[in-house]
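work_29.cif (mmCIF, C-alpha atoms)
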data_structure
#
loop_
_atom_site.label_atom_id
_atom_site.label_comp_id
_atom_site.auth_asym_id
_atom_site.auth_seq_id
_atom_site.Cartn_x
_atom_site.Cartn_y
_atom_site.Cartn_z
CA MET A 1 -3.75 -18.26 26.52
CA SER A 2 -1.65 -15.90 24.46
CA VAL A 3 -1.00 -18.52 21.79
CA VAL A 4 -4.75 -19.01 21.40
CA LYS A 5 -5.20 -15.25 21.14
CA GLU A 6 -2.50 -14.98 18.47
CA PHE A 7 -4.27 -17.74 16.58
CA THR A 8 -7.80 -16.37 16.75
CA LYS A 9 -7.04 -12.72 15.97
CA GLY A 10 -6.57 -13.67 12.30
CA PHE A 11 -10.25 -14.59 12.02
CA TRP A 12 -11.70 -11.22 12.89
CA ASP A 13 -9.53 -8.61 14.61
CA ILE A 14 -7.05 -8.35 11.76
CA LEU A 15 -8.80 -10.59 9.23
CA PRO A 16 -6.92 -10.31 5.95
CA PRO A 17 -7.58 -8.92 3.40
CA PHE A 18 -10.42 -6.91 4.96
CA ARG A 19 -9.06 -5.64 8.27
CA LEU A 20 -5.47 -5.92 7.13
CA VAL A 21 -5.74 -4.47 3.61
CA LEU A 22 -2.67 -6.15 2.14
CA GLY A 23 -2.01 -8.71 -0.55
CA LEU A 24 -4.87 -7.67 -2.79
CA CYS A 25 -3.54 -8.90 -6.12
CA PRO A 26 -4.04 -12.63 -5.51
CA VAL A 27 -7.35 -11.88 -3.80
CA LEU A 28 -8.67 -10.16 -6.90
CA ALA A 29 -7.15 -12.48 -9.43
CA VAL A 30 -7.82 -16.00 -8.20
CA THR A 31 -11.27 -15.67 -6.63
CA THR A 32 -13.14 -16.58 -9.80
CA SER A 33 -14.24 -19.77 -8.03
CA ALA A 34 -14.38 -20.99 -4.43
CA GLU A 35 -11.96 -23.81 -5.19
CA ASN A 36 -9.26 -21.55 -6.63
CA GLY A 37 -9.69 -19.14 -3.74
CA ALA A 38 -9.23 -21.89 -1.16
CA GLY A 39 -6.24 -23.33 -3.03
CA MET A 40 -4.51 -19.97 -3.13
CA GLY A 41 -5.34 -19.41 0.53
CA LEU A 42 -3.85 -22.73 1.60
CA ALA A 43 -0.68 -22.19 -0.45
CA THR A 44 -0.28 -18.78 1.18
CA THR A 45 -0.96 -20.28 4.63
CA PHE A 46 1.78 -22.87 4.14
CA VAL A 47 4.32 -20.22 3.17
CA LEU A 48 3.18 -17.90 5.94
CA VAL A 49 3.48 -20.52 8.70
CA CYS A 50 6.87 -21.79 7.49
CA SER A 51 8.35 -18.34 7.03
CA ASN A 52 7.01 -17.16 10.41
CA VAL A 53 8.58 -20.17 12.13
CA LEU A 54 11.95 -19.77 10.43
CA VAL A 55 12.05 -16.00 10.89
CA SER A 56 11.19 -16.45 14.55
CA LEU A 57 13.95 -19.06 15.02
CA LEU A 58 16.53 -16.88 13.28
CA ARG A 59 15.43 -13.56 14.78
CA LYS A 60 18.47 -13.28 17.04
CA ILE A 61 20.93 -14.25 14.30
CA ILE A 62 19.74 -12.01 11.45
CA PRO A 63 21.31 -8.53 11.73
CA SER A 64 18.57 -5.92 11.70
CA LYS A 65 20.11 -3.99 8.80
CA VAL A 66 19.69 -6.82 6.30
CA ARG A 67 16.58 -8.34 7.83
CA ILE A 68 14.20 -7.46 4.98
CA ALA A 69 16.49 -9.06 2.41
CA ALA A 70 16.86 -12.13 4.62
CA TYR A 71 13.08 -12.39 5.06
CA ILE A 72 12.55 -12.19 1.30
CA VAL A 73 15.03 -15.01 0.69
CA ILE A 74 13.33 -17.16 3.34
CA ILE A 75 9.88 -16.49 1.88
CA ALA A 76 11.08 -17.07 -1.69
CA SER A 77 12.55 -20.46 -0.72
CA PHE A 78 9.23 -21.66 0.68
CA VAL A 79 7.37 -20.30 -2.34
CA VAL A 80 9.61 -22.35 -4.63
CA MET A 81 8.80 -25.41 -2.51
CA VAL A 82 5.05 -24.79 -2.80
CA GLU A 83 5.41 -24.23 -6.52
CA LEU A 84 7.22 -27.55 -7.05
CA LEU A 85 4.85 -29.45 -4.73
CA MET A 86 1.77 -28.11 -6.50
CA GLN A 87 3.25 -28.93 -9.88
CA ALA A 88 3.69 -32.51 -8.70
CA TYR A 89 0.48 -33.12 -6.73
CA ALA A 90 -2.12 -30.51 -7.77
CA TYR A 91 -1.39 -29.75 -11.40
CA PRO A 92 -4.87 -28.45 -12.44
CA LEU A 93 -4.81 -25.99 -9.52
CA TYR A 94 -1.23 -25.04 -10.42
CA GLN A 95 -2.41 -24.16 -13.91
CA ALA A 96 -5.46 -22.27 -12.69
CA LEU A 97 -3.45 -20.10 -10.31
CA GLY A 98 -0.63 -19.65 -12.83
CA ILE A 99 1.61 -16.66 -12.30
CA PHE A 100 0.15 -15.94 -8.87
CA ILE A 101 1.99 -18.83 -7.23
CA PRO A 102 5.48 -17.35 -7.74
CA LEU A 103 3.94 -14.00 -6.85
CA ILE A 104 3.22 -15.21 -3.30
CA VAL A 105 6.79 -13.95 -2.71
CA VAL A 106 5.64 -10.36 -2.98
CA ASN A 107 2.40 -10.87 -1.06
CA CYS A 108 2.77 -8.10 1.49
CA ILE A 109 0.87 -10.06 4.16
CA ILE A 110 3.74 -12.53 4.52
CA LEU A 111 6.53 -9.97 4.64
CA GLY A 112 4.31 -7.84 6.86
CA ARG A 113 3.87 -10.64 9.42
CA ALA A 114 7.60 -11.45 9.35
CA GLU A 115 8.44 -7.82 10.02
CA ALA A 116 5.64 -6.95 12.43
CA PHE A 117 5.35 -10.18 14.39
CA ALA A 118 7.70 -13.13 13.81
CA GLY A 119 10.84 -11.00 14.00
CA LYS A 120 9.95 -10.04 17.59
CA ASN A 121 8.12 -13.04 19.02
CA GLY A 122 8.81 -16.62 20.04
CA LEU A 123 8.31 -19.78 18.06
CA ALA A 124 4.88 -20.91 19.29
CA ALA A 125 3.31 -17.46 19.09
CA SER A 126 4.71 -16.89 15.60
CA ALA A 127 3.45 -20.24 14.32
CA ALA A 128 0.00 -19.54 15.80
CA ASP A 129 0.01 -16.06 14.29
CA GLY A 130 0.91 -17.43 10.85
CA LEU A 131 -1.65 -20.21 11.00
CA GLY A 132 -4.45 -17.93 12.22
CA ILE A 133 -3.84 -15.21 9.65
CA GLY A 134 -3.32 -17.78 6.90
CA LEU A 135 -6.58 -19.55 7.66
CA GLY A 136 -8.41 -16.23 7.96
CA PHE A 137 -7.06 -15.33 4.52
CA THR A 138 -8.14 -18.73 3.18
CA ILE A 139 -11.68 -18.32 4.51
CA SER A 140 -11.93 -14.81 3.05
CA LEU A 141 -10.78 -16.04 -0.34
CA PHE A 142 -13.13 -19.03 -0.17
CA VAL A 143 -16.15 -16.85 0.65
CA LEU A 144 -15.29 -14.22 -1.95
CA GLY A 145 -14.63 -16.92 -4.55
CA GLY A 146 -17.88 -18.64 -3.61
CA VAL A 147 -19.96 -15.47 -3.97
CA ARG A 148 -18.40 -14.64 -7.32
CA GLU A 149 -18.79 -18.20 -8.56
CA ILE A 150 -22.46 -18.47 -7.54
CA ILE A 151 -23.50 -15.14 -9.05
CA GLY A 152 -21.17 -15.12 -12.03
CA ASN A 153 -21.40 -18.74 -13.05
CA GLY A 154 -24.39 -20.21 -11.21
CA THR A 155 -22.23 -22.91 -9.65
CA PHE A 156 -20.61 -23.58 -6.29
CA LEU A 157 -17.59 -25.91 -6.21
CA GLY A 158 -18.63 -26.99 -9.71
CA LEU A 159 -22.24 -27.89 -8.76
CA HIS A 160 -25.17 -26.05 -10.33
CA VAL A 161 -26.80 -24.54 -7.27
CA LEU A 162 -29.07 -22.00 -8.93
CA GLY A 163 -30.61 -24.41 -11.43
CA THR A 164 -30.04 -24.55 -15.16
CA SER A 165 -32.48 -21.74 -15.96
CA TYR A 166 -30.23 -19.21 -14.19
CA GLU A 167 -28.61 -16.77 -16.59
CA PRO A 168 -25.04 -16.24 -15.21
CA PHE A 169 -24.12 -12.64 -14.42
CA VAL A 170 -20.73 -12.92 -16.08
CA PHE A 171 -19.62 -9.48 -14.86
CA MET A 172 -18.83 -11.02 -11.47
CA VAL A 173 -16.19 -13.46 -12.71
CA ARG A 174 -14.56 -10.88 -14.99
CA ALA A 175 -11.97 -8.32 -13.89
CA PRO A 176 -14.33 -5.43 -12.99
CA GLY A 177 -16.48 -7.74 -10.86
CA ALA A 178 -13.45 -8.66 -8.81
CA PHE A 179 -12.89 -5.05 -7.73
CA VAL A 180 -16.56 -4.31 -7.15
CA SER A 181 -17.28 -7.46 -5.15
CA LEU A 182 -14.20 -7.01 -2.97
CA GLY A 183 -15.17 -3.37 -2.36
CA VAL A 184 -18.74 -4.29 -1.44
CA MET A 185 -17.56 -7.06 0.86
CA LEU A 186 -15.12 -4.69 2.56
CA ALA A 187 -17.98 -2.26 3.14
CA LEU A 188 -20.09 -5.10 4.55
CA ILE A 189 -17.34 -6.01 7.02
CA ASN A 190 -17.03 -2.33 7.99
CA TRP A 191 -20.78 -2.21 8.56
CA ILE A 192 -20.82 -5.36 10.71
CA SER A 193 -17.94 -4.17 12.85
CA ALA A 194 -19.53 -0.74 13.28
CA ARG A 195 -22.74 -2.47 14.44
CA LEU A 196 -20.81 -4.70 16.84
CA GLU A 197 -19.00 -1.72 18.25
CA ALA A 198 -22.22 0.22 18.75
CA ARG A 199 -23.79 -2.74 20.52
CA GLY A 200 -20.72 -3.14 22.72
CA ARG A 201 -20.92 0.51 23.75
CA LYS A 202 -24.59 0.25 24.63
CA ALA A 203 -24.17 -2.83 26.80
CA MET B 1 7.31 -9.11 -36.13
CA SER B 2 6.69 -6.20 -38.45
CA PHE B 3 6.22 -2.63 -37.31
CA GLY B 4 2.44 -2.96 -37.42
CA ASP B 5 2.56 -6.05 -35.22
CA TYR B 6 4.63 -4.15 -32.70
CA MET B 7 2.11 -1.33 -32.61
CA LEU B 8 -0.69 -3.81 -31.89
CA PHE B 9 1.50 -5.49 -29.29
CA ILE B 10 2.09 -2.17 -27.53
CA VAL B 11 -1.56 -1.09 -27.65
CA GLY B 12 -2.56 -4.51 -26.37
CA ALA B 13 -0.19 -4.29 -23.41
CA ILE B 14 -1.27 -0.74 -22.51
CA LEU B 15 -5.03 -0.92 -22.97
CA VAL B 16 -6.43 -4.40 -23.52
CA ASN B 17 -4.35 -6.45 -21.13
CA ASN B 18 -3.75 -3.59 -18.74
CA ILE B 19 -1.49 -4.98 -16.10
CA LEU B 20 -3.41 -3.39 -13.26
CA LEU B 21 -7.03 -3.65 -14.26
CA ALA B 22 -7.04 -6.84 -16.33
CA LYS B 23 -4.22 -8.87 -14.81
CA PHE B 24 -4.47 -7.63 -11.21
CA LEU B 25 -0.80 -6.95 -10.65
CA GLY B 26 0.46 -4.19 -8.38
CA ASN B 27 -2.78 -3.40 -6.60
CA CYS B 28 -1.37 -2.52 -3.17
CA PRO B 29 0.57 0.56 -4.35
CA PHE B 30 -2.33 1.30 -6.73
CA LEU B 31 -4.68 1.78 -3.78
CA GLY B 32 -1.95 3.13 -1.52
CA VAL B 33 -0.55 6.05 -3.51
CA SER B 34 -3.57 7.05 -5.56
CA LYS B 35 -5.07 9.47 -3.06
CA ARG B 36 -3.15 12.40 -4.49
CA MET B 37 -2.11 13.22 -8.03
CA ASP B 38 1.53 14.09 -7.28
CA THR B 39 2.25 10.82 -5.47
CA ALA B 40 0.57 8.94 -8.30
CA THR B 41 2.79 10.59 -10.93
CA GLY B 42 5.89 9.96 -8.79
CA MET B 43 5.02 6.30 -8.46
CA SER B 44 4.27 6.03 -12.19
CA MET B 45 7.67 7.38 -13.17
CA ALA B 46 9.43 5.06 -10.74
CA VAL B 47 7.47 2.06 -12.08
CA ILE B 48 8.21 2.88 -15.73
CA PHE B 49 11.90 3.14 -14.96
CA VAL B 50 12.29 0.09 -12.74
CA MET B 51 9.96 -2.20 -14.67
CA THR B 52 11.81 -1.69 -17.96
CA MET B 53 15.20 -2.17 -16.32
CA ALA B 54 14.03 -5.21 -14.34
CA GLY B 55 12.50 -6.81 -17.43
CA MET B 56 15.79 -6.50 -19.31
CA ILE B 57 18.01 -7.73 -16.50
CA THR B 58 15.83 -10.66 -15.46
CA TRP B 59 15.69 -11.75 -19.12
CA LEU B 60 19.50 -11.78 -19.24
CA VAL B 61 19.67 -13.61 -15.91
CA GLN B 62 17.22 -16.27 -17.12
CA TYR B 63 18.94 -17.00 -20.44
CA TYR B 64 22.60 -16.45 -19.57
CA LEU B 65 22.71 -17.68 -15.97
CA LEU B 66 19.81 -19.91 -14.94
CA GLU B 67 19.40 -21.89 -18.17
CA PRO B 68 23.07 -22.69 -18.86
CA LEU B 69 23.38 -23.92 -15.27
CA SER B 70 19.95 -25.62 -15.54
CA ILE B 71 18.73 -24.15 -12.28
CA GLU B 72 15.48 -22.67 -13.64
CA TYR B 73 13.67 -23.72 -10.48
CA LEU B 74 15.51 -20.93 -8.68
CA GLN B 75 13.80 -18.40 -10.96
CA THR B 76 11.57 -16.90 -8.28
CA ILE B 77 14.39 -16.40 -5.78
CA ALA B 78 16.81 -15.10 -8.41
CA PHE B 79 14.31 -12.62 -9.85
CA ILE B 80 13.22 -11.14 -6.54
CA LEU B 81 16.86 -10.71 -5.51
CA VAL B 82 17.71 -9.10 -8.85
CA ILE B 83 14.79 -6.70 -8.47
CA ALA B 84 15.67 -5.84 -4.86
CA ALA B 85 19.33 -5.28 -5.77
CA LEU B 86 18.36 -3.27 -8.84
CA VAL B 87 16.12 -0.98 -6.84
CA GLN B 88 18.91 -0.37 -4.33
CA LEU B 89 21.42 0.29 -7.09
CA VAL B 90 19.12 2.64 -8.94
CA GLU B 91 18.54 4.51 -5.71
CA ILE B 92 22.27 4.95 -5.03
CA VAL B 93 23.18 5.91 -8.61
CA MET B 94 20.28 8.31 -8.89
CA GLN B 95 21.10 9.98 -5.60
CA LYS B 96 24.61 10.77 -6.88
CA SER B 97 23.98 11.59 -10.52
CA LEU B 98 20.37 12.74 -10.82
CA PRO B 99 19.53 14.33 -7.47
CA ALA B 100 16.51 16.17 -8.88
CA LEU B 101 14.88 12.97 -10.14
CA TYR B 102 15.87 11.21 -6.94
CA ARG B 103 14.05 13.78 -4.86
CA ALA B 104 11.00 13.45 -7.11
CA LEU B 105 10.87 9.65 -6.88
CA GLY B 106 12.19 9.58 -3.32
CA ILE B 107 10.15 7.23 -1.19
CA PHE B 108 8.58 5.42 -4.13
CA LEU B 109 11.72 3.59 -5.15
CA PRO B 110 12.04 1.25 -2.15
CA LEU B 111 8.31 0.52 -2.31
CA ILE B 112 8.71 -0.91 -5.78
CA THR B 113 10.53 -4.02 -4.56
CA THR B 114 7.25 -5.36 -3.25
CA ASN B 115 5.23 -4.17 -6.23
CA CYS B 116 4.16 -7.48 -7.68
CA ALA B 117 3.71 -5.93 -11.11
CA VAL B 118 7.49 -5.74 -11.53
CA LEU B 119 8.09 -9.39 -10.67
CA GLY B 120 4.92 -10.32 -12.55
CA VAL B 121 6.06 -8.72 -15.80
CA ALA B 122 9.49 -10.33 -15.44
CA ILE B 123 7.86 -13.76 -15.11
CA ILE B 124 5.41 -13.14 -17.98
CA ASN B 125 8.36 -12.19 -20.24
CA ILE B 126 9.89 -15.60 -19.65
CA LYS B 127 6.61 -17.53 -19.74
CA GLU B 128 5.62 -16.07 -23.10
CA GLU B 129 9.14 -16.75 -24.43
CA TYR B 130 9.63 -13.17 -25.61
CA ASN B 131 12.96 -12.34 -27.23
CA PHE B 132 15.07 -9.51 -25.85
CA LEU B 133 13.48 -6.76 -27.97
CA ASP B 134 9.95 -8.00 -27.17
CA THR B 135 10.87 -8.02 -23.49
CA ILE B 136 11.96 -4.39 -23.54
CA ILE B 137 8.87 -3.31 -25.45
CA PHE B 138 6.46 -5.37 -23.35
CA SER B 139 7.94 -4.21 -20.03
CA PHE B 140 7.87 -0.57 -21.09
CA ALA B 141 4.34 -0.77 -22.51
CA SER B 142 3.04 -2.55 -19.42
CA ALA B 143 4.57 0.12 -17.23
CA LEU B 144 2.90 2.79 -19.37
CA GLY B 145 -0.42 1.00 -18.96
CA TYR B 146 0.12 0.86 -15.21
CA SER B 147 0.85 4.59 -15.13
CA LEU B 148 -2.17 5.41 -17.25
CA ALA B 149 -4.51 3.50 -14.94
CA LEU B 150 -2.86 4.90 -11.80
CA ILE B 151 -3.03 8.52 -12.94
CA LEU B 152 -6.63 8.23 -14.17
CA PHE B 153 -7.59 6.62 -10.89
CA ALA B 154 -5.84 9.31 -8.84
CA GLY B 155 -7.71 11.94 -10.84
CA ILE B 156 -11.03 10.32 -9.95
CA ARG B 157 -10.05 9.73 -6.35
CA GLU B 158 -9.15 13.37 -5.75
CA ARG B 159 -12.81 14.20 -6.37
CA PHE B 160 -13.83 11.99 -3.44
CA VAL B 161 -12.91 14.76 -1.05
CA LEU B 162 -16.04 16.61 -2.16
CA ALA B 163 -18.28 13.57 -2.59
CA ARG B 164 -20.68 12.31 0.05
CA ILE B 165 -19.64 8.71 0.48
CA PRO B 166 -21.59 6.32 2.75
CA LYS B 167 -19.59 5.83 5.91
CA VAL B 168 -19.10 2.09 5.51
CA PHE B 169 -17.68 2.59 2.01
CA ASP B 170 -15.22 5.26 3.07
CA GLY B 171 -11.56 4.68 2.20
CA THR B 172 -10.49 1.51 0.47
CA ALA B 173 -13.99 0.12 -0.16
CA ILE B 174 -15.09 2.97 -2.43
CA GLY B 175 -11.64 2.90 -4.02
CA LEU B 176 -12.12 -0.73 -5.00
CA VAL B 177 -15.60 -0.14 -6.41
CA THR B 178 -14.27 2.81 -8.43
CA ALA B 179 -11.40 0.67 -9.69
CA GLY B 180 -14.04 -1.84 -10.78
CA PHE B 181 -15.76 0.73 -12.96
CA LEU B 182 -12.42 1.87 -14.35
CA ALA B 183 -11.72 -1.77 -15.20
CA LEU B 184 -15.14 -1.96 -16.85
CA ALA B 185 -14.24 1.06 -18.99
CA PHE B 186 -10.92 -0.55 -19.92
CA SER B 187 -12.62 -3.82 -20.84
CA GLY B 188 -14.29 -1.81 -23.61
CA PHE B 189 -10.93 -1.87 -25.38
CA ALA B 190 -11.08 -5.67 -25.57
CA GLY B 191 -12.10 -5.79 -29.22
CA LEU B 192 -9.29 -3.45 -30.27
CA VAL B 193 -6.60 -6.08 -30.71
CA GLY B 194 -7.55 -9.54 -31.91
#
Hey, can you dump this file as structure tokens for me?
Amino acid sequence: MSVVKEFTKGFWDILPPFRLVLGLCPVLAVTTSAENGAGMGLATTFVLVCSNVLVSLLRKIIPSKVRIAAYIVIIASFVVMVELLMQAYAYPLYQALGIFIPLIVVNCIILGRAEAFAGKNGLAASAADGLGIGLGFTISLFVLGGVREIIGNGTFLGLHVLGTSYEPFVFMVRAPGAFVSLGVMLALINWISARLEARGRKA
Amino acid sequence: MSFGDYMLFIVGAILVNNILLAKFLGNCPFLGVSKRMDTATGMSMAVIFVMTMAGMITWLVQYYLLEPLSIEYLQTIAFILVIAALVQLVEIVMQKSLPALYRALGIFLPLITTNCAVLGVAIINIKEEYNFLDTIIFSFASALGYSLALILFAGIRERFVLARIPKVFDGTAIGLVTAGFLALAFSGFAGLVG
């Protein structure tokens, strides 16, 4: 029961980056297309699950005074692994994501989960927490990347979905569009959750 | 590079390729500390100081430690440790020797460890194969660009207290949209440096 709950909370209750407003840099930078967004999300998920598991296993051994430093070393090791794996097996994606792969180290979501959850909970719960939050993050990035790609480029996963006569609204795939679309989407999520809450109160 | 090239390089790093608004580095503290002007200036000073120092030290680490031992794949781990240690060291030294500055920067120093702009600039320095002088200039100019964007943004955000913002946009959402328009304004500098 509780493992399922730890897993599913990442999809709505604390859906990153909307409910849990952390780790915004990769969100803004790589969501120029749905594919890049999903790739970044999966890389982050891998690191998040692995670091949560290891932190949870070592939580009784790591002295609390140096725990943050220890967490950072753990996270950095997994990031290096992802970096090398992507270089070997997904080179185009590696090039598209560029500097943001090493920067997964400083993605506050991962350190945040290590500190807030994995350092205090057991193995199964921590793995479920990491997987749920990671997949929630991946879906958010995929949707945001998809919206920006469709409006800004007229394509979705490389396919022309709006027809060839569509004049791309390039603003959306440029830097300012990243901020505006994330802001609007955050407001949309706020609106939906306010509606849900109001309905829940009425019932 | 000649002096003129350096000027273009600096202007490019501050305005055209602004680290915050064009390269999306360091957004969490950008949204976190920009609600008030004094915290924004505190953060800016801390970033300028740490980013320049970190750029220099990581450059030395890369070329005098990682490359001779051919362990470049440890770059990410080495750099984040260097930055974390540097921040700690700066905090201790500053507390002893410059207590006034320490009180001003106070809580912003530890936060910088997880500011991805610092690690980002360190990695860009290596990726672009800058020499030592370029590294110092680029790190410093990027930090100035970061500060400029942060302080401008804080100035705008202070006005929000009086504005009537739709409820769903309140907080971070309106902040992001505003940052978008600030980025739009900065993209006007794009033609400045070829």
Report as a list in words the residues that result from applying the PyMOL selection byres ((chain A and resi 30) around 9) to the structure here.
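Given this file, the PyMOL selection byres ((chain A and resi 30) around 9) evaluates to Cys25, Pro26, Val27, Leu28, Ala29, Thr31, Thr32, Ser33, Asn36, Gly37, Met40, Ala96, Leu97, Phe100, Leu141 and Gly145 of chain A.
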Pairwise distance for atom CA of A:Phe117 and atom CA of A:Ser77, rounded to one decimal in Å
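Calculated distance between atom CA of A:Phe117 and atom CA of A:Ser77 is 19.6 Å.
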Go through A:Pro16, A:Pro63, A:Gly183, A:Pro102 one by one, measure the shortest atom-to-atom distance of each to A:Gly41 using all atoms listed in the file, and give the residue with the smallest value.
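When distances to A:Gly41 are compared using all atoms listed in the file, the smallest one comes from A:Pro16.
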For A:Ser51, please output as a VMD selection string all residues within 7 Å (counting all atoms listed in the file; exclusion window: fewer than 4 positions along the same chain).
chain A and resid 47 55 74 to 75
Please evaluate the PyMOL selection byres ((chain B) within 6 of (chain A)) against the structure above and give the resulting residues as a list of chain:residue names.
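That selection, the PyMOL selection byres ((chain B) within 6 of (chain A)), comes back as B:Ala22, B:Phe24, B:Leu25, B:Asn27, B:Ile77, B:Thr114, B:Cys116, B:Val168, B:Phe169, B:Ala173, B:Leu176, B:Val177, B:Gly180, B:Ala183, B:Leu184.
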List as an MDAnalysis selection string: which residues have an atom within 9 Å of (-0.1, -19.4, 17.0), counting all atoms listed in the file?
chainID A and resid 2:8 123:132
May I ask for the distance between atom CA of B:Ala141 and atom CA of B:Ile10, given in Å to one decimal place?
5.7 Å
Calculate how many Å separate atom CA of B:Gly55 from atom CA of B:Glu72, rounding to one decimal.
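Distance between the two atoms: 16.6 Å.
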Which neighbours of B:Val61 fall inside 9 Å, counting only C-alpha atoms, when residues of the same chain fewer than 5 positions from it are skipped, and could you give them as a PyMOL selection string?
chain B and resi 56+66-67+78-79+82
Among the residues B:Leu111, B:Ile48, B:Ala163, B:Met7, the one that comes closest to B:Ala84 [using all atoms listed in the file]:
B:Leu111
Selection dump of the PyMOL selection byres ((chain B and resi 122-134) around 9), as an MDAnalysis selection string:
(chainID A and resid 99 102) or (chainID B and resid 6 51 54:60 62 75:76 79 117:121 135:139)
Test item: residues at most 12 Å from B:Gly145, only C-alpha atoms, excluding those fewer than 3 positions along its chain, as a PyMOL selection string:
chain B and resi 10-23+25-26+44-45+47-48+51+117+138-142+148-152+186
